[in-house]
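Asks: Please find final.txt (compact mmCIF, C-alpha atoms and all ligand atoms) on the next line:
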```
# COMPACT_ATOMS: atom_id res chain seq x y z
CA MET A 13 -97.10 -32.17 -86.05
CA LYS A 14 -98.50 -28.68 -85.83
CA LYS A 15 -98.80 -27.08 -89.23
CA GLU A 16 -98.11 -23.40 -89.62
CA LEU A 17 -100.95 -21.48 -91.25
CA ILE A 18 -99.72 -17.92 -90.76
CA ARG A 19 -96.20 -16.72 -90.27
CA ILE A 20 -95.37 -13.12 -89.46
CA GLU A 21 -91.69 -12.30 -89.88
CA HIS A 22 -90.19 -9.11 -88.44
CA VAL A 23 -93.20 -6.98 -89.32
CA THR A 24 -93.16 -3.28 -88.55
CA LYS A 25 -96.00 -0.83 -89.12
CA ASP A 26 -95.64 2.92 -88.66
CA PHE A 27 -98.29 5.61 -88.75
CA ARG A 28 -97.98 9.37 -88.50
CA ASP A 29 -99.72 11.19 -85.70
CA SER A 30 -101.33 14.62 -86.08
CA ASN A 31 -97.92 16.26 -85.55
CA ARG A 32 -96.44 14.11 -88.32
CA ARG A 33 -94.42 12.19 -85.78
CA ARG A 34 -93.79 8.55 -86.44
CA VAL A 35 -95.97 6.19 -84.39
CA ARG A 36 -94.60 2.65 -84.34
CA ALA A 37 -97.80 0.62 -83.92
CA VAL A 38 -96.16 -2.77 -84.56
CA ASP A 39 -92.46 -3.15 -83.88
CA ASP A 40 -90.48 -5.95 -85.54
CA LEU A 41 -93.08 -8.55 -84.64
CA SER A 42 -92.65 -12.23 -85.46
CA LEU A 43 -95.27 -14.89 -84.78
CA SER A 44 -96.60 -18.17 -86.14
CA ILE A 45 -100.22 -19.25 -85.94
CA TYR A 46 -100.90 -22.96 -86.39
CA GLU A 47 -103.71 -24.67 -88.23
CA GLY A 48 -106.80 -25.22 -86.12
CA GLU A 49 -105.74 -23.20 -83.11
CA THR A 50 -107.27 -20.17 -81.48
CA PHE A 51 -104.55 -17.63 -80.89
CA GLY A 52 -105.48 -14.81 -78.53
CA LEU A 53 -103.82 -11.42 -78.79
CA VAL A 54 -104.14 -9.31 -75.66
CA GLY A 55 -102.81 -6.03 -74.31
CA GLU A 56 -103.80 -2.54 -73.27
CA SER A 57 -105.43 -0.04 -75.61
CA GLY A 58 -103.08 1.23 -78.31
CA CYS A 59 -100.55 -1.62 -78.05
CA GLY A 60 -101.05 -2.60 -81.70
CA LYS A 61 -103.54 -5.47 -81.61
CA SER A 62 -105.87 -4.16 -84.30
CA THR A 63 -102.97 -3.04 -86.45
CA THR A 64 -101.61 -6.60 -86.33
CA GLY A 65 -105.03 -8.05 -87.25
CA ASN A 66 -105.48 -5.53 -90.07
CA LEU A 67 -102.05 -6.37 -91.47
CA LEU A 68 -103.00 -10.05 -91.57
CA VAL A 69 -106.19 -9.48 -93.56
CA ARG A 70 -104.39 -6.93 -95.73
CA LEU A 71 -106.41 -3.95 -94.67
CA LEU A 72 -102.99 -2.44 -93.99
CA LYS A 73 -99.59 -2.84 -95.56
CA ALA A 74 -96.50 -3.38 -93.43
CA ASN A 75 -93.56 -0.97 -93.68
CA GLN A 76 -91.15 -3.83 -93.15
CA GLY A 77 -91.27 -7.58 -92.81
CA LYS A 78 -93.20 -10.40 -94.41
CA ILE A 79 -96.43 -12.26 -93.83
CA PHE A 80 -96.90 -15.81 -95.08
CA TYR A 81 -100.14 -17.73 -95.49
CA LYS A 82 -99.78 -21.49 -96.01
CA GLY A 83 -96.15 -20.85 -96.92
CA THR A 84 -96.89 -18.20 -99.56
CA GLU A 85 -95.81 -14.65 -98.95
CA ILE A 86 -99.00 -12.58 -99.10
CA SER A 87 -97.59 -9.27 -97.93
CA GLY A 88 -95.66 -8.51 -101.09
CA ILE A 89 -98.05 -9.77 -103.77
CA SER A 90 -100.40 -7.65 -105.85
CA GLU A 91 -104.06 -7.19 -105.02
CA ARG A 92 -104.84 -9.37 -108.05
CA GLU A 93 -102.69 -12.23 -106.83
CA PHE A 94 -104.08 -11.84 -103.34
CA ALA A 95 -107.64 -12.25 -104.64
CA LYS A 96 -107.39 -16.01 -104.48
CA TYR A 97 -106.63 -15.85 -100.77
CA ARG A 98 -109.26 -13.24 -100.04
CA ARG A 99 -112.05 -15.76 -99.36
CA GLU A 100 -109.81 -17.84 -97.10
CA ILE A 101 -108.91 -14.96 -94.81
CA GLN A 102 -111.82 -13.15 -93.18
CA MET A 103 -112.43 -10.67 -90.40
CA VAL A 104 -115.10 -10.04 -87.78
CA PHE A 105 -114.98 -6.44 -86.59
CA GLN A 106 -115.64 -4.92 -83.22
CA ASP A 107 -118.48 -2.71 -84.32
CA PRO A 108 -121.36 -4.55 -85.98
CA TYR A 109 -123.04 -1.17 -86.61
CA GLY A 110 -120.23 0.25 -88.70
CA SER A 111 -119.18 -2.90 -90.53
CA ILE A 112 -122.50 -3.88 -92.15
CA ASN A 113 -123.99 -1.94 -95.07
CA PRO A 114 -127.23 -0.53 -93.63
CA ARG A 115 -128.93 -0.09 -96.99
CA LYS A 116 -129.06 -3.75 -97.96
CA LYS A 117 -131.14 -6.60 -96.61
CA ILE A 118 -129.28 -9.26 -94.66
CA GLY A 119 -129.99 -11.91 -97.32
CA TRP A 120 -128.56 -9.70 -100.06
CA LEU A 121 -125.44 -9.03 -97.96
CA LEU A 122 -124.87 -12.74 -97.40
CA GLU A 123 -125.35 -13.60 -101.07
CA GLU A 124 -123.04 -10.87 -102.33
CA PRO A 125 -119.71 -12.64 -101.57
CA LEU A 126 -121.12 -15.82 -103.12
CA LYS A 127 -121.91 -13.92 -106.34
CA ILE A 128 -118.29 -12.84 -106.54
CA HIS A 129 -116.45 -15.93 -105.36
CA ARG A 130 -118.84 -18.81 -106.04
CA LYS A 131 -119.94 -18.36 -109.61
CA ASP A 132 -120.64 -22.09 -109.70
CA LEU A 133 -123.77 -21.60 -107.56
CA SER A 134 -127.24 -20.91 -108.95
CA ALA A 135 -129.38 -18.12 -107.50
CA GLU A 136 -131.42 -20.73 -105.67
CA GLU A 137 -128.32 -22.38 -104.20
CA ARG A 138 -127.03 -19.00 -103.09
CA ARG A 139 -130.28 -18.20 -101.33
CA ARG A 140 -130.31 -21.57 -99.60
CA MET A 141 -126.71 -21.15 -98.50
CA ALA A 142 -127.40 -17.69 -97.06
CA GLU A 143 -130.38 -19.10 -95.16
CA ARG A 144 -128.37 -21.99 -93.85
CA MET A 145 -125.65 -19.61 -92.68
CA LEU A 146 -128.23 -17.58 -90.74
CA GLU A 147 -129.32 -20.75 -88.98
CA VAL A 148 -125.71 -21.69 -88.26
CA VAL A 149 -125.24 -18.41 -86.35
CA GLY A 150 -128.48 -18.90 -84.47
CA LEU A 151 -130.80 -16.65 -86.46
CA ASP A 152 -134.03 -17.62 -88.15
CA LYS A 153 -133.84 -17.62 -91.95
CA SER A 154 -136.51 -14.89 -92.03
CA PHE A 155 -133.72 -12.50 -90.97
CA GLY A 156 -132.63 -12.57 -94.60
CA ARG A 157 -135.54 -10.27 -95.45
CA ARG A 158 -134.69 -7.71 -92.77
CA TYR A 159 -132.51 -4.62 -92.84
CA PRO A 160 -129.61 -4.28 -90.39
CA LYS A 161 -131.33 -1.43 -88.55
CA ALA A 162 -134.08 -3.80 -87.41
CA LEU A 163 -131.49 -5.93 -85.57
CA SER A 164 -130.05 -5.71 -82.08
CA GLY A 165 -126.28 -5.46 -81.54
CA GLY A 166 -126.00 -9.16 -80.76
CA GLN A 167 -128.02 -10.11 -83.84
CA ARG A 168 -125.87 -7.86 -86.00
CA GLN A 169 -122.73 -9.47 -84.66
CA ARG A 170 -124.23 -12.86 -85.55
CA VAL A 171 -124.74 -11.52 -89.08
CA SER A 172 -121.12 -10.29 -89.17
CA ILE A 173 -119.98 -13.76 -88.19
CA ALA A 174 -122.20 -15.31 -90.88
CA LEU A 175 -120.67 -12.89 -93.42
CA ALA A 176 -117.17 -13.87 -92.35
CA LEU A 177 -117.95 -17.59 -92.61
CA ILE A 178 -120.07 -17.80 -95.76
CA LEU A 179 -117.10 -18.38 -98.05
CA ASN A 180 -115.82 -21.15 -95.79
CA PRO A 181 -112.55 -19.45 -94.82
CA SER A 182 -109.56 -21.13 -93.17
CA PHE A 183 -108.47 -18.16 -91.10
CA VAL A 184 -110.63 -15.63 -89.26
CA VAL A 185 -109.46 -12.57 -87.37
CA ALA A 186 -111.99 -11.50 -84.72
CA ASP A 187 -111.05 -8.06 -83.42
CA GLU A 188 -112.81 -7.37 -80.11
CA PRO A 189 -115.95 -9.05 -81.46
CA VAL A 190 -117.94 -8.57 -78.25
CA SER A 191 -116.68 -5.35 -76.71
CA ALA A 192 -119.38 -3.22 -78.38
CA LEU A 193 -122.12 -5.52 -77.08
CA ASP A 194 -124.12 -5.61 -73.86
CA VAL A 195 -122.41 -7.69 -71.20
CA SER A 196 -125.46 -9.94 -71.08
CA ILE A 197 -124.98 -11.11 -74.67
CA GLN A 198 -121.18 -11.16 -74.82
CA ALA A 199 -120.98 -14.75 -73.55
CA GLN A 200 -123.50 -15.94 -76.15
CA ILE A 201 -121.45 -14.52 -78.99
CA LEU A 202 -118.18 -15.85 -77.56
CA ASN A 203 -119.65 -19.33 -77.20
CA LEU A 204 -121.03 -19.12 -80.72
CA LEU A 205 -117.56 -18.24 -82.04
CA ALA A 206 -116.00 -21.09 -80.09
CA SER A 207 -118.48 -23.65 -81.40
CA LEU A 208 -118.30 -22.40 -85.01
CA LYS A 209 -114.55 -22.53 -84.83
CA LYS A 210 -114.83 -26.26 -84.16
CA GLU A 211 -117.64 -26.89 -86.65
CA PHE A 212 -115.81 -25.15 -89.50
CA SER A 213 -112.30 -26.21 -88.37
CA LEU A 214 -111.19 -22.61 -88.43
CA THR A 215 -107.97 -21.08 -87.30
CA LEU A 216 -108.88 -18.06 -85.24
CA LEU A 217 -106.95 -14.97 -84.23
CA PHE A 218 -108.92 -13.58 -81.36
CA ILE A 219 -108.11 -10.01 -80.32
CA SER A 220 -109.23 -8.53 -77.03
CA HIS A 221 -108.03 -6.27 -74.24
CA ASP A 222 -109.75 -8.64 -71.81
CA LEU A 223 -107.37 -11.28 -70.52
CA ASN A 224 -110.19 -13.36 -69.06
CA VAL A 225 -111.99 -13.60 -72.38
CA VAL A 226 -108.80 -14.30 -74.29
CA SER A 227 -107.56 -17.04 -72.03
CA TYR A 228 -111.00 -18.66 -71.91
CA LEU A 229 -111.17 -19.02 -75.69
CA SER A 230 -107.56 -19.48 -76.75
CA ASP A 231 -105.13 -22.35 -77.05
CA ARG A 232 -102.16 -19.97 -77.08
CA ILE A 233 -101.96 -16.31 -76.22
CA GLY A 234 -99.63 -13.47 -77.12
CA ILE A 235 -99.27 -10.47 -74.85
CA MET A 236 -98.52 -7.20 -76.64
CA TYR A 237 -96.94 -4.08 -75.23
CA LEU A 238 -96.09 -0.98 -77.30
CA GLY A 239 -96.15 -2.90 -80.58
CA ASN A 240 -94.06 -5.78 -79.24
CA LEU A 241 -94.94 -9.31 -78.24
CA VAL A 242 -93.60 -9.68 -74.72
CA GLU A 243 -94.83 -13.19 -74.00
CA VAL A 244 -96.25 -15.98 -76.14
CA GLY A 245 -97.32 -19.41 -75.11
CA ARG A 246 -99.88 -22.04 -74.32
CA VAL A 247 -102.56 -20.68 -72.03
CA GLU A 248 -102.11 -23.34 -69.36
CA LEU A 249 -98.37 -22.62 -69.11
CA ILE A 250 -98.81 -18.87 -68.79
CA GLU A 251 -101.63 -19.30 -66.31
CA ARG A 252 -99.41 -21.51 -64.20
CA GLY A 253 -96.99 -18.63 -63.84
CA ALA A 254 -96.36 -15.91 -66.40
CA ALA A 255 -92.71 -15.23 -67.20
CA HIS A 256 -92.94 -11.53 -68.08
CA PRO A 257 -93.61 -8.93 -65.37
CA TYR A 258 -96.09 -7.19 -67.67
CA THR A 259 -98.11 -10.39 -68.13
CA ARG A 260 -98.09 -10.89 -64.37
CA ALA A 261 -99.35 -7.36 -63.85
CA LEU A 262 -102.13 -7.93 -66.38
CA PHE A 263 -103.13 -11.14 -64.65
CA SER A 264 -103.20 -9.52 -61.25
CA ALA A 265 -105.19 -6.58 -62.64
CA SER A 266 -107.75 -9.06 -63.95
CA GLU A 267 -107.68 -10.90 -60.61
CA ARG A 268 -106.75 -14.16 -62.22
CA GLU A 269 -104.26 -16.56 -60.79
CA SER A 270 -100.95 -16.60 -62.58
CA GLY A 271 -99.35 -19.01 -60.16
CA ARG A 272 -97.26 -16.87 -57.82
CA GLY A 273 -97.77 -15.45 -54.37
CA PRO A 274 -99.29 -12.18 -53.19
CA ASP A 275 -96.37 -10.00 -54.34
CA GLU A 276 -97.56 -9.75 -57.95
CA PRO A 277 -96.40 -6.59 -59.71
CA VAL A 278 -99.09 -3.95 -60.06
CA LEU A 279 -99.21 -1.69 -63.08
CA THR A 280 -98.43 1.91 -62.26
CA GLY A 281 -97.78 4.88 -64.52
CA ASP A 282 -98.84 5.28 -68.12
CA VAL A 283 -97.91 3.42 -71.25
CA PRO A 284 -95.20 5.49 -72.98
CA SER A 285 -96.20 7.10 -76.25
CA PRO A 286 -95.58 4.91 -79.30
CA SER A 287 -94.27 8.07 -81.00
CA ASP A 288 -91.53 8.27 -78.38
CA PRO A 289 -90.92 4.71 -77.18
CA PRO A 290 -88.29 4.09 -74.48
CA ALA A 291 -84.88 2.68 -75.34
CA GLY A 292 -84.10 -0.85 -74.22
CA CYS A 293 -87.00 -2.95 -73.00
CA PRO A 294 -90.29 -1.28 -73.94
CA PHE A 295 -91.70 -2.12 -70.49
CA HIS A 296 -88.75 -0.88 -68.44
CA THR A 297 -90.33 2.45 -67.47
CA ARG A 298 -93.08 0.61 -65.59
CA CYS A 299 -91.28 -2.51 -64.51
CA PRO A 300 -90.70 -3.01 -60.77
CA TYR A 301 -87.75 -5.29 -61.54
CA CYS A 302 -85.96 -2.96 -63.97
CA GLN A 303 -82.16 -3.26 -64.00
CA GLU A 304 -79.48 -1.30 -65.81
CA VAL A 305 -79.42 -3.67 -68.81
CA CYS A 306 -83.18 -3.24 -69.29
CA ARG A 307 -82.73 0.48 -70.02
CA ARG A 308 -80.09 -0.29 -72.59
CA GLU A 309 -80.86 -3.54 -74.38
CA LYS A 310 -84.11 -4.62 -75.87
CA PRO A 311 -84.81 -8.23 -74.89
CA VAL A 312 -85.85 -10.64 -77.64
CA LEU A 313 -88.39 -13.45 -77.26
CA ARG A 314 -86.58 -16.42 -75.76
CA GLU A 315 -87.95 -19.83 -75.00
CA ILE A 316 -88.72 -20.52 -71.33
CA GLU A 317 -89.80 -24.03 -72.16
CA GLU A 318 -91.33 -25.69 -75.19
CA GLY A 319 -94.34 -23.72 -76.36
CA TRP A 320 -93.65 -20.71 -74.18
CA SER A 321 -91.41 -17.66 -74.72
CA ALA A 322 -90.90 -14.27 -73.13
CA ALA A 323 -88.97 -11.14 -74.03
CA CYS A 324 -87.45 -10.24 -70.68
CA HIS A 325 -83.90 -10.10 -69.36
CA PHE A 326 -85.06 -11.51 -66.03
CA PRO A 327 -88.09 -13.70 -66.67
CA PHE A 328 -89.85 -15.47 -63.84
CA SER A 329 -89.60 -19.15 -64.32
CA VAL A 330 -91.67 -21.88 -62.80
CA GLU A 331 -90.09 -25.01 -61.43
CA LEU A 332 -91.47 -28.00 -63.18
CA PRO A 333 -92.98 -30.71 -60.98
N1 LIG B 401 -104.69 5.01 -88.94
C1 LIG B 401 -103.88 5.40 -87.95
N2 LIG B 401 -103.24 6.59 -87.98
C2 LIG B 401 -102.41 6.98 -87.01
N3 LIG B 401 -102.15 6.23 -85.90
C3 LIG B 401 -102.77 5.05 -85.80
C4 LIG B 401 -103.67 4.56 -86.80
N4 LIG B 401 -104.14 3.34 -86.41
C5 LIG B 401 -103.55 3.09 -85.23
N5 LIG B 401 -102.74 4.09 -84.85
C6 LIG B 401 -101.92 4.15 -83.63
O1 LIG B 401 -101.17 2.95 -83.56
C7 LIG B 401 -101.13 2.46 -82.22
C8 LIG B 401 -101.73 1.06 -82.18
O2 LIG B 401 -103.12 1.14 -82.46
P1 LIG B 401 -104.07 -0.12 -82.51
O3 LIG B 401 -105.40 0.35 -82.94
O4 LIG B 401 -103.44 -1.20 -83.31
O5 LIG B 401 -104.12 -0.57 -80.97
P2 LIG B 401 -105.08 -1.61 -80.24
O6 LIG B 401 -104.20 -2.48 -79.43
O7 LIG B 401 -105.98 -2.26 -81.22
O8 LIG B 401 -105.93 -0.67 -79.25
P3 LIG B 401 -107.46 -0.81 -78.74
O9 LIG B 401 -107.45 -1.81 -77.62
O10 LIG B 401 -107.78 0.57 -78.25
O11 LIG B 401 -108.30 -1.23 -79.90
C9 LIG B 401 -101.87 3.47 -81.37
O12 LIG B 401 -100.93 4.37 -80.84
C10 LIG B 401 -102.76 4.18 -82.37
O13 LIG B 401 -103.02 5.50 -81.96
MG MG B 402 -108.05 -2.34 -81.43
```
Could you spell out this file's structure in structure tokens?
Replies:
Amino acid sequence: MKKELIRIEHVTKDFRDSNRRRVRAVDDLSLSIYEGETFGLVGESGCGKSTTGNLLVRLLKANQGKIFYKGTEISGISEREFAKYRREIQMVFQDPYGSINPRKKIGWLLEEPLKIHRKDLSAEERRRMAERMLEVVGLDKSFGRRYPKALSGGQRQRVSIALALILNPSFVVADEPVSALDVSIQAQILNLLASLKKEFSLTLLFISHDLNVVSYLSDRIGIMYLGNLVEVGRVELIERGAAHPYTRALFSASERESGRGPDEPVLTGDVPSPSDPPAGCPFHTRCPYCQEVCRREKPVLREIEEGWSAACHFPFSVELP
């Protein structure tokens, strides 16, 4: 039986734009993430991926809805109560330049969380653990004596990963962990993440705008559009033939097979503003299959088959062999 690690229930997050208009970044989103899986969150820029990740690690607070970790609601508890979950829930950020303190040596940075959360360790044990962590992410232990500025982007991202893993977390959110890196080193970092995920039996939420990357790494994926999940399911099912027209358009834009013939929908027009979202289905303004009901009624996520759901009034469905 799959065990739920994270449950998001009807979570909504609003911001204000520069004109004080409400921007609905995440719109009544519900999702479960299971122990040991890699869940990939994908969608165009501004669809709410980072906001979702930041809500999960409590960098943001939801306006509505609840988030559960191992069955405990963590969205409503105080910072003090949350402290005991802090080491279990970690994040790797997109920008390894901005997310690492430049004034401290790498070894100091790695030992710092241990000083706070692992008071059982001696100074010597801490140092050894920091060194071991550097080796785990493919860096020589001598990196501990260097400052971040002496490191390349790829090396910094390895340090960020070491920082996220040093407290032996259960759940890691990786928000576009390679998109700030040179293409030539992106694959190295992705493969490192994939192998560490196995080695540390992590549950990973992997966020990227790149469908190829997401489907390569993930067991299940969720496709976001204007703060909504429009399709969720096991990668092999969605690759066989996506149910939502938006997913199909994303697949055809990335030149990946999604199972159907040459008449795949192509994305035209712009994403509507999240400060003025359309009524009905959020995708209806760009959907080639839009019907009257789509302008009126917002579709909810409905199961297509086990392990696969889409929020569409007229989903494609694949005949089973
Ligand atoms: N702090 C903020 N203040 C105001 N608006 C915000 C804030 N953070 C995000 N938004 C808005 O919320 C929406 C979702 O943003 P978010 O960063 O979650 O998208 P994303 O999917 O991560 O995009 P990207 O692929 O560009 O990283 C966008 O319209 C964005 O402009
Ligand atoms: Mg983002």
Asks: Of the candidates A:Asn240, A:Ser220, A:Ser207, A:Ser266, which shows the shortest atom-to-atom distance to ligand MG 402 (chain B), using only C-alpha atoms and all ligand atoms?
Replies: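 Once distances to ligand MG 402 (chain B) are computed over only C-alpha atoms and all ligand atoms, the minimum belongs to A:Ser220.
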Asks: For ligand MG 402 (chain B), which of A:Ala176, A:Ile18, A:Leu202, A:Ala37 is the closest residue, counting all atoms listed in the file?
Replies: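 Among the listed residues, the smallest separation from ligand MG 402 (chain B) belongs to A:Ala37.
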Asks: For a test of reading the model, state the distance in Å between atom CA of A:Gly58 and atom CA of A:His221, rounded to one decimal.
Replies: 9.9 Å
Asks: With only C-alpha atoms as the atoms that count, which of A:Leu72, A:Ile112, A:Ala199, A:Cys306 lies nearest to A:Pro160?
Replies: A:Ile112
Asks: For ligand MG 402 (chain B), return the neighbouring residues as a list in words (distance at most 10 Å; all atoms listed in the file).
Replies: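 For ligand MG 402 (chain B), the residues inside 10 Å are Val54, Gly55, Glu56, Ser57, Gly58, Cys59, Gly60, Lys61, Ser62, Thr63, Thr64, Gly65, Asn66, Phe105, Gln106, Asp187, Glu188, Ile219, Ser220 and His221 of chain A.
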Asks: For the atom pair atom CA of A:Ser287 and atom CA of A:Phe263, what is the interatomic distance in Å to one decimal place?
Replies: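 Atom-to-atom, atom CA of A:Ser287 to atom CA of A:Phe263, that is 26.7 Å.
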Asks: Out of A:Val69, A:Val247, A:Leu177, A:Leu146, which residue has the shortest atom-to-atom distance to A:Phe94 when counting all atoms listed in the file?
Replies: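 Residue with the minimum atom-to-atom distance to A:Phe94: A:Val69.
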Asks: Can you pull out every residue within 10 Å of A:Val23, counting all atoms listed in the file, but drop anything in the same chain fewer than 3 positions away, and send it as a list of chain:residue names?
Replies: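 Returned residues: A:Ile20, A:Val38, A:Asp39, A:Asp40, A:Leu41, A:Ser42, A:Leu43, A:Thr64, A:Leu67, A:Lys73, A:Ala74, A:Asn75, A:Gln76, A:Gly77, A:Lys78, A:Ile79, A:Ser87.
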Asks: Calculate how many Å separate atom CA of A:Glu100 from atom CA of A:Glu16, rounding to one decimal.
Replies: 15.0 Å
Asks: Choose the residue, out of A:Thr280, A:Gln303, A:Ser230, A:Ser196, that has the smallest atom-to-atom separation from A:Glu49; count all atoms listed in the file.
Replies: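 Nearest candidate to A:Glu49 out of A:Thr280, A:Gln303, A:Ser230, A:Ser196: A:Ser230.
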Asks: Name all residues at most 7 Å from stretch 315-325 of chain A (count only C-alpha atoms; drop same-chain ones fewer than 6 positions away) and give them as a PyMOL selection string.
Replies: chain A and resi 242-246+255-256+306
